[in-house]
Each structure stands twice: as C-alpha cells, then as structure tokens.
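Enquirer: What follows is a single structure, and I will ask about it in a moment.
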Amino acid sequence: MTPQLITPPRRSLADLGEVIGPERLRVLRATADDLRRRLGGRTVWQVNSTATGGGVAEMLQVLMGYLADAELPTHWLVVGGEPEFFEITKRLHNRLHGAASGPDLTEADAAAYARATAINATAVAELARPGDIVVLHDPQTAGMASGLADRGVTVIWRCHIGGDRRTPVTDEAWEFLRPHLRAAEAYVFSLPHYRPEFLPADRTVVIPPSIDPAAPKNADLDPATVEAVLRACGIFTGGPAGPARFTRRDGRPGEVTRTAKLLADELPSPDEPMLVQVSRWDRLKDMSGVLTAFAERVAPGGPGWLVLAGPQVDDVGDDPEGAQVYAECQAAWQALPRASRRRTVLASLPLEDLDENAVMVNALQRHAAVVAQKSLAEGFGLTVAEAMWKCRPVVGSAVGGILDQLGDGRGVLVEPSDAAGFAAAVRRLFDDPAEAARIGDAAHAFVHREYLGDRHLLRWAELLGRFL
Ligand code: UDP
C-alpha cells in the first residue's frame, strides 16, 4: 500500500508571533534557520497511521503547517494496513495505557505485525533517502524502524502513550515492541516515566505536544459565533441562527453546513451551564463514566447539561473500537432514568471537513461552563490544553499528563474512580463563576507559557540537531 502524503495548510509563524510576542518569535525563526542549514538538503519525515481523528493527527496538522512556513524540508506520510493489523495495534495501544483489551498478544499477532510494518517500511524507504530522518509515531509504525535503519535512514520513535503504573499487560505490550525498537536512535515520550526500562535514558527525550492558538480549533470566537456554530450543528435549537462563519486553517472563510449526529431527548438551552467532554470513543476516555456521574449526581437537584462529543464513528480508521464504545455509551444513555437523561446529549461530530469539525469542538469548549476530561489514562490531554487555552475550568482525572497540566490550581484533579468527587467539583464550578474564572485564567497563562508551537518546535530542533 502506498503511503499517503498529507500536506496540511501552511500556518503562519507571524500569526503565532502575535500571540507569543516578538522575542519568542525571534528565537524561533533563528532556530529554524539554523536547523535548515544543518539539514543541508536532508528531509525529515513524520510517519503515522491516520490523518484525522485523535491527538497525534491533530498535532501533526499543526506542526507540519508551521514547519512549512519555516521552510524546513519535511513531509508527513500516513501508512495503512488491513483491519487485522489495526486490531493488533489497538490492543497494543490499550496495553501501553495499562488497560487489557481483547485476547493476549500471540506469536501469530507478532508475525502479522512484523509483516505489515515491513511492507510499510519498504514503501517509505522508496521515498526517504539515506541520511534523512524519519520520525515514527506510536505502535502502528514502531515495526518499521529496522527496515528503515537498514537503508541508512535515522529513525526516531515518538510514543504518545503510556501508563502511570506498570501492569502485566503493559509489560506484554513492551515485550512485543521491544525487538522492533532497537533500531531507533532516539525515543520521544510525553512524560519521563513512560519510558520502559529497556530503552536507554540517554537516548530518550521528553517533548510534550502543543496547541495552535490560530487554528479553527482554538481561534477566538465571539459569543454570537459560538452560539451560531452550535445552532448550525444542531446542538442548540430555535431562535434566529446567525451565520456560523469561521476562518479555515488556510485563511479562507468557512461556514458550518453539516450537522452533528445527536442522541438526545431534548436539546440544551444556551442559558444553562454546560459540562462538555470532547474525546474519541475510547474506553480509556470514560465517556460513559462522565455520563453516569452527571446523570446520577449532578443533574438531580441542580441546573446544567452534559454534552459528550466525539468523532462520528467509522471515521477514525485506525481506531476499530470506536463504534463499539459509542454503542456502549448509547446503551448507557438509554438505560438512564428519563429525568436526568433529558439533560444529556451524545454528539457525533462529522469529520468530512476537518476545519468544520474543529470549529464545532472550539464552540463546545468555549460555551462550556466546565470541561471534563475523566480519562482513566492519558499521555498528554490535548483536549485539556485546548480547554485551558479557552480559560475554561477543567475537571480532569489525576492521571498521566493531566497531573502536570491541571496541577497547582490550574484545574481540578479527581481520582478517576471518584464519581462523587468529580460531580461535586462540577457542581461547585457551575455554582461559582468567580472561582471558575480564576482557575480558567491560571490555566490560560500556563498554556501560553508551556504549550504553544514555539516551545514544541524548539524542543524538536534540539533533538534533530543531535543527528546533524
Ligand atoms: N477531537 C476532534 N474531534 C472530535 C474528538 C476529538 O477534533 O470529535 C480532537 C480533540 O480536540 C483533540 C484530539 O482530538 O485535539 C484528542 O487528543 P487527546 O490528546 O485529548 O486524546 P487522544 O485522542 O490523542 O487520545
């Protein structure tokens, strides 16, 4: 299967400069110029297995856009595979997060995985030249490392996932990947303790992701546009709907024309507080846990609505569990008592037009009085950083990267098993807008300092520089 070349729209560094200020922009440009010189005609390739849906694709869309504007020679390739391959990599993904799913990994799985990744390595090796640098993302591509290294390519493996505690299934997944990882020259994780012991610490770096303040996902939207977008996609009803216009990543004007697929008895009123969680339909995001905590402990006796939003299932090609998890949430929703069910909405956002999908997420996060990220495990929650950027108070699980993101009063941390604590935090923030605003402001300032594109690119430039 030929890898697909993805070319996201160019993102303007000058626009980023408006947010980070002239000094940070100057450092960024100087670093990019230096890196370009040192690359001396070599190309940096990013390789993953999906162009849409989920944090990795989201981040590459942004990063590639900025790298293009910095005129750095870099390309993004998406490799494919049969459903059997993605079924294996999903089991690996869940295990690396510490969660068992599906049957144990067998020798037959190892053989199928090695076969599929060898085919992809051969295909990418036809494009990359010796001396080029290939960044392989996540378990779907780890098996390509030796095939590429054999052809004189420098391989870096970037793992976006990890669990806080080692469990037998984590070890099982690492043992599965271990023989494939030897050929990589450096390893990148979002958190230091995600590195398995067998990978050398001196060849491992920690690089948290970043968000793009100018992208449709995060760009400023005035309250009228937020409301218009949420009417256009069907989450609000009635009243005069203004045009749901936004600016696309390539700078052209866009308008929301598609609607979300909704599971709801009634639709929320724009005037009541809303709790929002945006996630893929993945068990580790615990969408059904948010649903029951809200229905049992927030809805009775208080105001407010819950919207759980995720991508329309079938659309995230490397995530075969999505449809199943959505079906489970649907069943959980149907089983709720009607009085609280009527205050909850499951929204599947269309993915045909990524900018349109992004502006729907943006509007939901901006409208939210409180944003939830009740994950059971999380490397770095992009959705958390996105909501923090929008000055939203986030109630998140005290796991993985969320601990760093929401610590020190930048959000509210609760244990993932503590439904009562989760609901109490939501209710408190619904009732206390001043406290919510204080947390939201601290959250925004932290993202401004730590998680914007310049910080991310500088960390990558430093790593790539080691090989030039
Ligand atoms: N996302 C989206 N549309 C959706 C659901 C999710 O654009 O319908 C985005 C979300 O805004 C975030 C990313 O997908 O940018 C999810 O990244 P995160 O790190 O939170 O979780 P992951 O999916 O990588 O586990």
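Starting from 1 in every chain, residues are counted up; chains themselves are A, B, ... following the order of the structure tokens, and ligands are numbered from 1 as listed.
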Neighbours of ligand 1 at 6 Å or closer, counting only C-alpha atoms and all ligand atoms: which residues, as a ChimeraX atom specification?
Expert: /A:53-56,58,278-280,309-311,349,358,380-383
Enquirer: Segment 387-389 of chain A: which residues within 12 Å, counting only C-alpha atoms, same-chain residues fewer than 4 positions away excluded, as a PyMOL selection string?
Expert: chain A and resi 19+210-214+217-220+275-278+361-373+381-383+393-396+402+405-406+409-412+436-452
Enquirer: From the options A:Gly143, A:Gly401, A:Gly102, A:Pro268, which residue's atoms come nearest to Gly162 of chain A, counting only C-alpha atoms?
Expert: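 Comparing A:Gly143, A:Gly401, A:Gly102, A:Pro268 against Gly162 of chain A, the winner is A:Gly401.
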Enquirer: Using only C-alpha atoms, find the one residue out of A:His93, A:Arg249, A:Lys285, A:Arg427 that sits nearest to Pro273 of chain A.
Expert: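 Distance minimum relative to Pro273 of chain A lands on A:Arg427.
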Enquirer: Would you mind reading off the distance between atom CA of Ala70 of chain A and atom CA of Tyr187 of chain A, one decimal, in Å?
Expert: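 Atom-to-atom, atom CA of Ala70 of chain A and atom CA of Tyr187 of chain A are spaced 24.3 Å apart.
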Enquirer: Out of A:Thr257, A:Asn94, A:Ser375, A:Thr2, which residue has the shortest atom-to-atom distance to Asp353 of chain A when counting only C-alpha atoms?
Expert: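 Closest to Asp353 of chain A, using only C-alpha atoms: A:Thr257.
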